Each structure stands twice: as C-alpha cells, then as structure tokens.
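Source file: coords35.pdb (PDB, C-alpha atoms, pLDDT in the B column)
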MODEL        1
ATOM      1  CA  MET A   1       3.843 -11.003  -6.633  1.00 48.00           C
ATOM      2  CA  PHE A   2       5.600 -10.988 -10.026  1.00 46.00           C
ATOM      3  CA  LYS A   3       2.243 -10.735 -11.795  1.00 55.00           C
ATOM      4  CA  LYS A   4       1.438  -7.588  -9.792  1.00 51.00           C
ATOM      5  CA  ILE A   5       4.794  -6.057 -10.670  1.00 48.00           C
ATOM      6  CA  LYS A   6       4.181  -6.761 -14.369  1.00 49.00           C
ATOM      7  CA  VAL A   7       0.776  -5.063 -14.199  1.00 51.00           C
ATOM      8  CA  LEU A   8       2.325  -2.000 -12.548  1.00 50.00           C
ATOM      9  CA  LEU A   9       5.112  -1.809 -15.129  1.00 47.00           C
ATOM     10  CA  ALA A  10       2.567  -2.092 -17.954  1.00 52.00           C
ATOM     11  CA  ALA A  11       0.566   0.785 -16.459  1.00 53.00           C
ATOM     12  CA  LEU A  12       3.693   2.921 -16.185  1.00 48.00           C
ATOM     13  CA  VAL A  13       4.581   2.224 -19.825  1.00 48.00           C
ATOM     14  CA  MET A  14       1.086   3.308 -20.894  1.00 51.00           C
ATOM     15  CA  LEU A  15       1.347   6.524 -18.858  1.00 49.00           C
ATOM     16  CA  GLY A  16       4.652   7.392 -20.422  1.00 50.00           C
ATOM     17  CA  ALA A  17       3.962   6.208 -23.954  1.00 46.00           C
ATOM     18  CA  GLY A  18       3.834   9.713 -25.406  1.00 45.00           C
ATOM     19  CA  SER A  19       7.226  10.787 -24.111  1.00 48.00           C
ATOM     20  CA  ALA A  20       8.993   7.661 -22.829  1.00 47.00           C
ATOM     21  CA  PHE A  21      11.746   8.056 -25.385  1.00 48.00           C
ATOM     22  CA  ALA A  22      12.061  11.817 -25.281  1.00 53.00           C
ATOM     23  CA  ASP A  23      15.380  12.961 -26.702  1.00 58.00           C
ATOM     24  CA  ASP A  24      16.018  15.323 -23.816  1.00 72.00           C
ATOM     25  CA  PHE A  25      15.557  12.729 -21.042  1.00 69.00           C
ATOM     26  CA  ASP A  26      18.804  11.675 -19.347  1.00 74.00           C
ATOM     27  CA  TRP A  27      18.303   8.005 -18.525  1.00 77.00           C
ATOM     28  CA  SER A  28      21.666   7.836 -16.764  1.00 77.00           C
ATOM     29  CA  GLN A  29      20.346  10.136 -14.026  1.00 80.00           C
ATOM     30  CA  CYS A  30      16.905   8.613 -13.409  1.00 82.00           C
ATOM     31  CA  TRP A  31      18.129   6.623 -10.376  1.00 82.00           C
ATOM     32  CA  CYS A  32      19.301   9.723  -8.493  1.00 87.00           C
ATOM     33  CA  ASN A  33      16.336  12.086  -9.085  1.00 92.00           C
ATOM     34  CA  TYR A  34      12.782  12.253  -7.776  1.00 94.00           C
ATOM     35  CA  GLY A  35      10.042  12.129 -10.396  1.00 94.00           C
ATOM     36  CA  GLY A  36       6.879  14.185 -10.632  1.00 94.00           C
ATOM     37  CA  GLY A  37       8.568  17.435  -9.692  1.00 94.00           C
ATOM     38  CA  ILE A  38       9.296  16.245  -6.141  1.00 96.00           C
ATOM     39  CA  LYS A  39      12.174  18.104  -4.502  1.00 96.00           C
ATOM     40  CA  GLU A  40      14.135  17.719  -1.288  1.00 96.00           C
ATOM     41  CA  GLY A  41      12.058  19.006   1.610  1.00 96.00           C
ATOM     42  CA  ASN A  42       8.665  18.253   0.028  1.00 98.00           C
ATOM     43  CA  ILE A  43       6.038  16.560   2.162  1.00 98.00           C
ATOM     44  CA  LEU A  44       4.052  13.842   0.372  1.00 98.00           C
ATOM     45  CA  VAL A  45       0.632  12.710   1.610  1.00 98.00           C
ATOM     46  CA  ASN A  46      -1.153   9.699   0.110  1.00 98.00           C
ATOM     47  CA  ILE A  47      -4.796   9.030   1.016  1.00 98.00           C
ATOM     48  CA  ASP A  48      -5.878   5.660  -0.366  1.00 98.00           C
ATOM     49  CA  GLY A  49      -8.419   2.892  -0.257  1.00 97.00           C
ATOM     50  CA  GLY A  50      -7.505  -0.676  -1.084  1.00 95.00           C
ATOM     51  CA  ILE A  51      -7.629  -4.397  -0.508  1.00 91.00           C
ATOM     52  CA  ASN A  52      -5.771  -6.273   2.199  1.00 87.00           C
ATOM     53  CA  TYR A  53      -5.014  -9.828   1.084  1.00 84.00           C
ATOM     54  CA  VAL A  54      -4.955 -11.064   4.690  1.00 77.00           C
ATOM     55  CA  ASP A  55      -8.680 -10.338   4.918  1.00 78.00           C
ATOM     56  CA  LEU A  56      -9.383 -11.970   1.546  1.00 79.00           C
ATOM     57  CA  THR A  57      -7.915 -15.290   2.727  1.00 79.00           C
ATOM     58  CA  TYR A  58     -11.359 -15.870   4.286  1.00 78.00           C
ATOM     59  CA  ALA A  59     -13.275 -15.019   1.106  1.00 81.00           C
ATOM     60  CA  GLY A  60     -14.498 -18.619   0.692  1.00 79.00           C
ATOM     61  CA  TYR A  61     -16.105 -18.676   4.111  1.00 81.00           C
ATOM     62  CA  ASN A  62     -19.872 -18.450   4.491  1.00 84.00           C
ATOM     63  CA  GLY A  63     -21.073 -14.940   5.288  1.00 86.00           C
ATOM     64  CA  PHE A  64     -17.776 -13.322   4.295  1.00 90.00           C
ATOM     65  CA  TRP A  65     -17.703  -9.509   4.171  1.00 92.00           C
ATOM     66  CA  PHE A  66     -15.006  -6.844   4.241  1.00 91.00           C
ATOM     67  CA  ILE A  67     -14.645  -3.077   4.302  1.00 92.00           C
ATOM     68  CA  PRO A  68     -11.833  -1.791   2.032  1.00 92.00           C
ATOM     69  CA  THR A  69      -8.665  -0.764   3.804  1.00 94.00           C
ATOM     70  CA  VAL A  70      -8.295   2.990   4.320  1.00 97.00           C
ATOM     71  CA  MET A  71      -4.683   4.153   4.660  1.00 96.00           C
ATOM     72  CA  VAL A  72      -2.802   7.454   4.946  1.00 98.00           C
ATOM     73  CA  ASP A  73       0.956   7.860   4.315  1.00 97.00           C
ATOM     74  CA  VAL A  74       2.971  10.983   5.177  1.00 98.00           C
ATOM     75  CA  GLN A  75       6.588  11.228   3.975  1.00 98.00           C
ATOM     76  CA  TYR A  76       9.374  13.805   3.909  1.00 98.00           C
ATOM     77  CA  ALA A  77      11.653  13.832   0.840  1.00 98.00           C
ATOM     78  CA  LYS A  78      15.245  13.599   2.050  1.00 97.00           C
ATOM     79  CA  PRO A  79      18.046  12.304  -0.190  1.00 96.00           C
ATOM     80  CA  ILE A  80      20.815  10.137   1.233  1.00 95.00           C
ATOM     81  CA  TRP A  81      24.002  10.797  -0.709  1.00 90.00           C
ATOM     82  CA  LYS A  82      22.544  11.087  -4.238  1.00 89.00           C
ATOM     83  CA  LEU A  83      19.697   8.632  -3.655  1.00 95.00           C
ATOM     84  CA  PRO A  84      16.171  10.147  -3.641  1.00 97.00           C
ATOM     85  CA  PHE A  85      14.615   8.719  -0.476  1.00 97.00           C
ATOM     86  CA  ALA A  86      11.546   9.774   1.512  1.00 98.00           C
ATOM     87  CA  PHE A  87      10.860   8.881   5.139  1.00 98.00           C
ATOM     88  CA  GLY A  88       7.707   8.970   7.213  1.00 98.00           C
ATOM     89  CA  GLY A  89       4.860   6.934   8.608  1.00 97.00           C
ATOM     90  CA  TYR A  90       1.496   5.413   7.818  1.00 96.00           C
ATOM     91  CA  ALA A  91      -1.765   4.573   9.574  1.00 96.00           C
ATOM     92  CA  GLY A  92      -5.024   2.965   8.604  1.00 95.00           C
ATOM     93  CA  VAL A  93      -7.982   0.744   9.402  1.00 95.00           C
ATOM     94  CA  ARG A  94      -9.537  -2.373   7.924  1.00 92.00           C
ATOM     95  CA  ALA A  95     -12.403  -4.718   8.808  1.00 92.00           C
ATOM     96  CA  SER A  96     -13.708  -8.130   7.762  1.00 89.00           C
ATOM     97  CA  GLY A  97     -15.922 -10.949   8.988  1.00 88.00           C
ATOM     98  CA  TYR A  98     -17.230 -14.432   8.192  1.00 85.00           C
ATOM     99  CA  LYS A  99     -19.119 -17.367   9.710  1.00 86.00           C
ATOM    100  CA  VAL A 100     -17.546 -20.495  11.214  1.00 79.00           C
ATOM    101  CA  TYR A 101     -19.354 -23.870  11.130  1.00 77.00           C
ATOM    102  CA  THR A 102     -18.658 -25.430  14.523  1.00 78.00           C
ATOM    103  CA  TYR A 103     -19.881 -28.305  16.679  1.00 77.00           C
ATOM    104  CA  GLU A 104     -21.491 -27.201  19.918  1.00 76.00           C
ATOM    105  CA  ASN A 105     -23.888 -28.859  22.386  1.00 79.00           C
ATOM    106  CA  GLY A 106     -24.463 -31.881  20.170  1.00 78.00           C
ATOM    107  CA  SER A 107     -25.072 -30.071  16.879  1.00 81.00           C
ATOM    108  CA  TYR A 108     -23.338 -28.016  14.209  1.00 82.00           C
ATOM    109  CA  VAL A 109     -24.082 -24.291  14.105  1.00 80.00           C
ATOM    110  CA  TYR A 110     -22.776 -21.201  12.315  1.00 81.00           C
ATOM    111  CA  LYS A 111     -21.100 -18.569  14.480  1.00 82.00           C
ATOM    112  CA  ASP A 112     -19.901 -15.082  13.564  1.00 85.00           C
ATOM    113  CA  VAL A 113     -16.350 -13.749  13.635  1.00 83.00           C
ATOM    114  CA  SER A 114     -15.645 -10.050  12.959  1.00 86.00           C
ATOM    115  CA  LYS A 115     -12.272  -8.334  13.050  1.00 86.00           C
ATOM    116  CA  PHE A 116     -11.587  -4.607  13.044  1.00 90.00           C
ATOM    117  CA  THR A 117      -7.867  -3.729  12.814  1.00 89.00           C
ATOM    118  CA  ILE A 118      -6.059  -0.455  13.446  1.00 91.00           C
ATOM    119  CA  PHE A 119      -2.548  -0.424  11.996  1.00 92.00           C
ATOM    120  CA  GLY A 120       0.381   1.942  11.533  1.00 94.00           C
ATOM    121  CA  GLY A 121       4.138   2.261  11.551  1.00 94.00           C
ATOM    122  CA  ALA A 122       7.208   3.729   9.858  1.00 96.00           C
ATOM    123  CA  GLU A 123       8.176   3.639   6.190  1.00 96.00           C
ATOM    124  CA  ALA A 124      10.970   4.540   3.810  1.00 97.00           C
ATOM    125  CA  SER A 125      10.679   4.835   0.027  1.00 97.00           C
ATOM    126  CA  TYR A 126      13.164   5.039  -2.820  1.00 97.00           C
ATOM    127  CA  HIS A 127      12.075   7.097  -5.836  1.00 97.00           C
ATOM    128  CA  VAL A 128      13.015   6.994  -9.520  1.00 94.00           C
ATOM    129  CA  MET A 129      12.439   9.644 -12.181  1.00 93.00           C
ATOM    130  CA  LEU A 130      10.949   8.331 -15.429  1.00 90.00           C
ATOM    131  CA  PRO A 131       9.234  10.117 -18.294  1.00 90.00           C
ATOM    132  CA  PRO A 132       6.801  11.752 -18.496  1.00 90.00           C
ATOM    133  CA  LYS A 133       7.894  14.485 -16.091  1.00 88.00           C
ATOM    134  CA  ASN A 134       4.676  14.205 -14.028  1.00 94.00           C
ATOM    135  CA  LEU A 135       5.407  10.577 -13.087  1.00 96.00           C
ATOM    136  CA  ASP A 136       7.129   9.483  -9.861  1.00 97.00           C
ATOM    137  CA  VAL A 137       7.886   5.772  -9.402  1.00 97.00           C
ATOM    138  CA  TYR A 138       8.907   4.285  -6.048  1.00 97.00           C
ATOM    139  CA  ALA A 139       9.481   1.208  -3.919  1.00 97.00           C
ATOM    140  CA  VAL A 140       8.454   1.452  -0.258  1.00 97.00           C
ATOM    141  CA  ASN A 141       9.391  -0.613   2.777  1.00 95.00           C
ATOM    142  CA  ARG A 142       7.074  -0.543   5.816  1.00 95.00           C
ATOM    143  CA  ILE A 143       7.405  -1.925   9.320  1.00 93.00           C
ATOM    144  CA  GLY A 144       4.730  -1.450  11.928  1.00 91.00           C
ATOM    145  CA  PHE A 145       1.925  -2.967  13.951  1.00 89.00           C
ATOM    146  CA  GLY A 146      -1.660  -4.093  13.669  1.00 87.00           C
ATOM    147  CA  ILE A 147      -4.048  -4.178  16.613  1.00 85.00           C
ATOM    148  CA  PRO A 148      -7.042  -6.425  15.846  1.00 84.00           C
ATOM    149  CA  ILE A 149     -10.285  -6.153  17.784  1.00 85.00           C
ATOM    150  CA  VAL A 150     -12.083  -9.489  17.378  1.00 82.00           C
ATOM    151  CA  SER A 151     -15.772  -9.807  18.162  1.00 81.00           C
ATOM    152  CA  GLY A 152     -18.733 -12.072  17.425  1.00 75.00           C
ATOM    153  CA  SER A 153     -20.086 -15.304  18.880  1.00 69.00           C
ATOM    154  CA  TYR A 154     -16.947 -17.273  17.886  1.00 68.00           C
ATOM    155  CA  ALA A 155     -14.297 -14.689  18.801  1.00 61.00           C
ATOM    156  CA  ALA A 156     -12.845 -16.459  21.851  1.00 58.00           C
ATOM    157  CA  PRO A 157     -10.674 -19.082  20.058  1.00 54.00           C
ATOM    158  CA  TYR A 158      -8.873 -16.445  18.033  1.00 53.00           C
ATOM    159  CA  VAL A 159      -5.554 -14.922  19.070  1.00 50.00           C
ATOM    160  CA  VAL A 160      -3.731 -11.812  17.888  1.00 52.00           C
ATOM    161  CA  THR A 161      -2.000 -12.865  14.667  1.00 54.00           C
ATOM    162  CA  ASP A 162      -1.136  -9.588  12.938  1.00 61.00           C
ATOM    163  CA  PHE A 163       0.484  -7.460  15.617  1.00 61.00           C
ATOM    164  CA  LEU A 164       3.710  -7.093  13.616  1.00 68.00           C
ATOM    165  CA  ASP A 165       3.572  -5.929  10.020  1.00 73.00           C
ATOM    166  CA  PHE A 166       6.403  -5.865   7.460  1.00 81.00           C
ATOM    167  CA  ASN A 167       6.028  -5.398   3.717  1.00 85.00           C
ATOM    168  CA  ILE A 168       7.552  -4.077   0.516  1.00 89.00           C
ATOM    169  CA  SER A 169       5.389  -2.524  -2.198  1.00 95.00           C
ATOM    170  CA  PHE A 170       5.853  -0.799  -5.552  1.00 97.00           C
ATOM    171  CA  GLY A 171       3.920   2.284  -6.594  1.00 97.00           C
ATOM    172  CA  ALA A 172       3.625   5.420  -8.660  1.00 97.00           C
ATOM    173  CA  ASN A 173       2.380   8.977  -8.228  1.00 97.00           C
ATOM    174  CA  TYR A 174       1.123  10.886 -11.256  1.00 97.00           C
ATOM    175  CA  PHE A 175       0.804  14.632 -10.646  1.00 97.00           C
ATOM    176  CA  PHE A 176      -1.764  16.737 -12.512  1.00 97.00           C
ATOM    177  CA  SER A 177      -0.547  19.946 -10.862  1.00 96.00           C
ATOM    178  CA  ASP A 178       2.248  21.050  -8.525  1.00 94.00           C
ATOM    179  CA  ASN A 179       0.301  19.817  -5.510  1.00 96.00           C
ATOM    180  CA  PHE A 180      -2.214  17.166  -6.607  1.00 98.00           C
ATOM    181  CA  GLY A 181      -2.012  13.756  -8.235  1.00 98.00           C
ATOM    182  CA  LEU A 182      -3.102  10.122  -8.146  1.00 98.00           C
ATOM    183  CA  ASN A 183      -1.403   7.266  -6.334  1.00 98.00           C
ATOM    184  CA  LEU A 184      -1.345   3.577  -7.280  1.00 98.00           C
ATOM    185  CA  GLU A 185       0.476   0.977  -5.214  1.00 97.00           C
ATOM    186  CA  LEU A 186       0.711  -2.804  -5.569  1.00 96.00           C
ATOM    187  CA  GLY A 187       2.119  -5.039  -2.881  1.00 91.00           C
ATOM    188  CA  ALA A 188       1.461  -7.343   0.020  1.00 82.00           C
ATOM    189  CA  PRO A 189      -0.511  -7.302   2.156  1.00 84.00           C
ATOM    190  CA  VAL A 190      -2.146  -4.132   0.731  1.00 90.00           C
ATOM    191  CA  SER A 191      -2.741  -2.877  -2.799  1.00 94.00           C
ATOM    192  CA  LYS A 192      -4.288   0.580  -2.898  1.00 96.00           C
ATOM    193  CA  PHE A 193      -5.368   3.524  -5.034  1.00 97.00           C
ATOM    194  CA  GLY A 194      -6.143   7.135  -4.166  1.00 98.00           C
ATOM    195  CA  ILE A 195      -4.857  10.694  -4.223  1.00 98.00           C
ATOM    196  CA  THR A 196      -1.441  12.144  -3.500  1.00 98.00           C
ATOM    197  CA  LEU A 197      -0.735  15.646  -2.207  1.00 98.00           C
ATOM    198  CA  LYS A 198       2.625  17.435  -2.361  1.00 97.00           C
ATOM    199  CA  PHE A 199       3.592  20.382  -0.158  1.00 96.00           C
TER
ENDMDL
END
Please, can you express the file's structure as structure tokens?
Amino acid sequence: MFKKIKVLLAALVMLGAGSAFADDFDWSQCWCNYGGGIKEGNILVNIDGGINYVDLTYAGYNGFWFIPTVMVDVQYAKPIWKLPFAFGGYAGVRASGYKVYTYENGSYVYKDVSKFTIFGGAEASYHVMLPPKNLDVYAVNRIGFGIPIVSGSYAAPYVVTDFLDFNISFGANYFFSDNFGLNLELGAPVSKFGITLKF
C-alpha cells in the first residue's frame, strides 16, 4: 500500500513540477479548497478501467483470465464547514476465471471456475488543492456491495465472499478544460485510470 502511495505522490510532483513552488500559491489554504477549478455544487463523473487485486490473487492458477474492472463514480461537491468534501456513489463490473485441479471419480481433472461480479455503493471524498491549478488531489472512502455470479464446472463449492466492500483509495484529477480531465486512482481492491467530467 505504501509503495502505491509513493508512486502516486511521485506522479503528482511530476505534474506540478513547473509551478509547484509558485510564489502566488497559498499553501496554508490548500487543505480547505478544491483543486482543478472544482467549486461547491459541481458534479464530478469518473469513468475508469482498472485492476481489481481480488481477481489477481488467482493469477498463478492454470487457465487464469480476467477482464479489467469498469467503474463509474458520480459525486456532488459539498463542503462541510471549510473542508472540501464530495459525496456520491459508484457502480461497476468485473470478471475473472481459472481452472481448478481436483480429484473426481478416481482421477485428477481440471475444472473451470468463472466469476462475474456487479458492485456498487456510496462514497465520500476529501479534496486538496495543490499546484498546478488544474490538479485536484483526493482521498476517497467507499462502502458498498459486490454480487458475484459464479459459473463453470467447479462452481458449486464456492460461496459468496465479496458481498460487502469497504476501501480507501488515493487519487488525482487533472483537468485540461473546465469540463474534461483525466483521473488516476490507486488503492485496494481497485486501482484505475480514465476520464473525469465536471458539470
């Protein structure tokens, strides 16, 4: 986890290298302002693809495959006191599969397991303004659900293991215009990259 945070911080430093020490930036106020031109009342939409580490725990299995996680976040920027929060929800899908070597009817055979999961829930994020002015940095807390649909010739022994979902991630939005930018987020169980829209 700490390695991921270091990578994110390094990327943010590179983005802001040209103006990170701008004379007109008030560092004392960065904790109570949104970055990237976000204002109270804005709606933020992130559309991302990424990797779910839960699926990759089976990467060593024979016949392993996965489809990258697709996830959409929608948040409403609403400060609490002076703190720049945003609140909303998320939803997405992911899929993976592998083969299990099992003993059956006097011999060992490979059997397939495939899992397609629909997930979603509520989220809250805390934003920080850092230079350059197009950059918005945040930490997000999510709590929700995952509904796995397990199939294949060896599906029966498996039970629902990811119904509840709770995670904290760190990310950044970099806006190229008033309404469009890129999103990068590192965390567990999902790290993702995509576009961000601001309305």
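You can rank A:Val45, A:Pro84, A:Ser177, A:Val70 by their closest distance to Gly120 (chain A) using only C-alpha atoms, and at the top of that list sits A:Val70.
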Compare A:Ser96, A:Asn167, A:Thr117, A:Asn33 by their minimum atom-to-atom distance to Arg142 (chain A), counting all atoms listed in the file, and give me the closest one.
A:Asn167
Which of these residues is nearest to Lys78 (chain A), using only C-alpha atoms: A:Ser28, A:Asn173, A:Asn183, A:Ser125?
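Of A:Ser28, A:Asn173, A:Asn183, A:Ser125, the one nearest Lys78 (chain A) is A:Ser125, counting only C-alpha atoms.
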Name the residues that the PyMOL selection byres ((chain A and resi 102) around 12) picks from the file above, as a list of chain:residue names, using the file's chain letters and numbers.
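Selection result, ordered by chain and number: A:Lys99, A:Val100, A:Tyr101, A:Tyr103, A:Glu104, A:Asn105, A:Gly106, A:Ser107, A:Tyr108, A:Val109, A:Tyr110, A:Lys111, A:Asp112, A:Val113, A:Ser153, A:Tyr154, A:Pro157.
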Got a sec: who's within 7 Å of Tyr138 (chain A), counting all atoms listed in the file, leaving out chain neighbours fewer than 2 positions off, as a ChimeraX atom specification?
/A:125-128,136,140,170-172
On this structure, which residues satisfy the PyMOL selection byres ((chain A and resi 47) around 12), written as a ChimeraX atom specification?
/A:44-46,48-50,69-75,90-92,173,180-185,192-198
Write a file of the just-selected residues containing C-alpha atoms, as a PDB file, in the frame of the given file.
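Saved as out.pdb:
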ATOM      1  CA  LEU A  44       4.052  13.842   0.372  1.00 98.00           C
ATOM      2  CA  VAL A  45       0.632  12.710   1.610  1.00 98.00           C
ATOM      3  CA  ASN A  46      -1.153   9.699   0.110  1.00 98.00           C
ATOM      4  CA  ASP A  48      -5.878   5.660  -0.366  1.00 98.00           C
ATOM      5  CA  GLY A  49      -8.419   2.892  -0.257  1.00 97.00           C
ATOM      6  CA  GLY A  50      -7.505  -0.676  -1.084  1.00 95.00           C
ATOM      7  CA  THR A  69      -8.665  -0.764   3.804  1.00 94.00           C
ATOM      8  CA  VAL A  70      -8.295   2.990   4.320  1.00 97.00           C
ATOM      9  CA  MET A  71      -4.683   4.153   4.660  1.00 96.00           C
ATOM     10  CA  VAL A  72      -2.802   7.454   4.946  1.00 98.00           C
ATOM     11  CA  ASP A  73       0.956   7.860   4.315  1.00 97.00           C
ATOM     12  CA  VAL A  74       2.971  10.983   5.177  1.00 98.00           C
ATOM     13  CA  GLN A  75       6.588  11.228   3.975  1.00 98.00           C
ATOM     14  CA  TYR A  90       1.496   5.413   7.818  1.00 96.00           C
ATOM     15  CA  ALA A  91      -1.765   4.573   9.574  1.00 96.00           C
ATOM     16  CA  GLY A  92      -5.024   2.965   8.604  1.00 95.00           C
ATOM     17  CA  ASN A 173       2.380   8.977  -8.228  1.00 97.00           C
ATOM     18  CA  PHE A 180      -2.214  17.166  -6.607  1.00 98.00           C
ATOM     19  CA  GLY A 181      -2.012  13.756  -8.235  1.00 98.00           C
ATOM     20  CA  LEU A 182      -3.102  10.122  -8.146  1.00 98.00           C
ATOM     21  CA  ASN A 183      -1.403   7.266  -6.334  1.00 98.00           C
ATOM     22  CA  LEU A 184      -1.345   3.577  -7.280  1.00 98.00           C
ATOM     23  CA  GLU A 185       0.476   0.977  -5.214  1.00 97.00           C
ATOM     24  CA  LYS A 192      -4.288   0.580  -2.898  1.00 96.00           C
ATOM     25  CA  PHE A 193      -5.368   3.524  -5.034  1.00 97.00           C
ATOM     26  CA  GLY A 194      -6.143   7.135  -4.166  1.00 98.00           C
ATOM     27  CA  ILE A 195      -4.857  10.694  -4.223  1.00 98.00           C
ATOM     28  CA  THR A 196      -1.441  12.144  -3.500  1.00 98.00           C
ATOM     29  CA  LEU A 197      -0.735  15.646  -2.207  1.00 98.00           C
ATOM     30  CA  LYS A 198       2.625  17.435  -2.361  1.00 97.00           C
TER      31      LYS A 198
END
Which residue out of A:Ile168, A:Ile143, A:Leu186, A:Val150 has the minimum interatomic distance to Glu123 (chain A) when only C-alpha atoms are used?
A:Ile143
Please report, as AutoDock Vina command-line options, the centre and edge lengths in Å to one decimal of an axis-aligned box covering all listed atoms of region 27-38 of chain A with 6 Å per side.
--center_x 14.3 --center_y 12.0 --center_z -12.3 --size_x 26.8 --size_y 22.8 --size_z 24.4
Tell me, in Å to one decimal, how far CA of Ile147 (chain A) is from CA of Arg94 (chain A).
10.4 Å
What residues come out when you apply the PyMOL selection byres ((chain A and resi 83) around 8) to this file, written as a list of chain:residue names?
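Applied to this file, the PyMOL selection byres ((chain A and resi 83) around 8) selects A:Trp31, A:Cys32, A:Asn33, A:Pro79, A:Ile80, A:Trp81, A:Lys82, A:Pro84, A:Phe85, A:Tyr126.
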Shell of 7 Å around Gly144 (chain A), all atoms listed in the file, local chain residues under 4 positions omitted, as a ChimeraX atom specification:
/A:120-122,164-166
Measuring atom to atom with only C-alpha atoms, identify which of A:Ser191, A:Ala86, A:Gly152, A:Val54 is nearest to Ser169 (chain A).
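Checking each candidate against Ser169 (chain A), we get A:Ser191 as the closest.
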d(CA of Pro189 (chain A), CA of Tyr58 (chain A)) in Å
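That distance, rounded to one decimal, is 14.0 Å.
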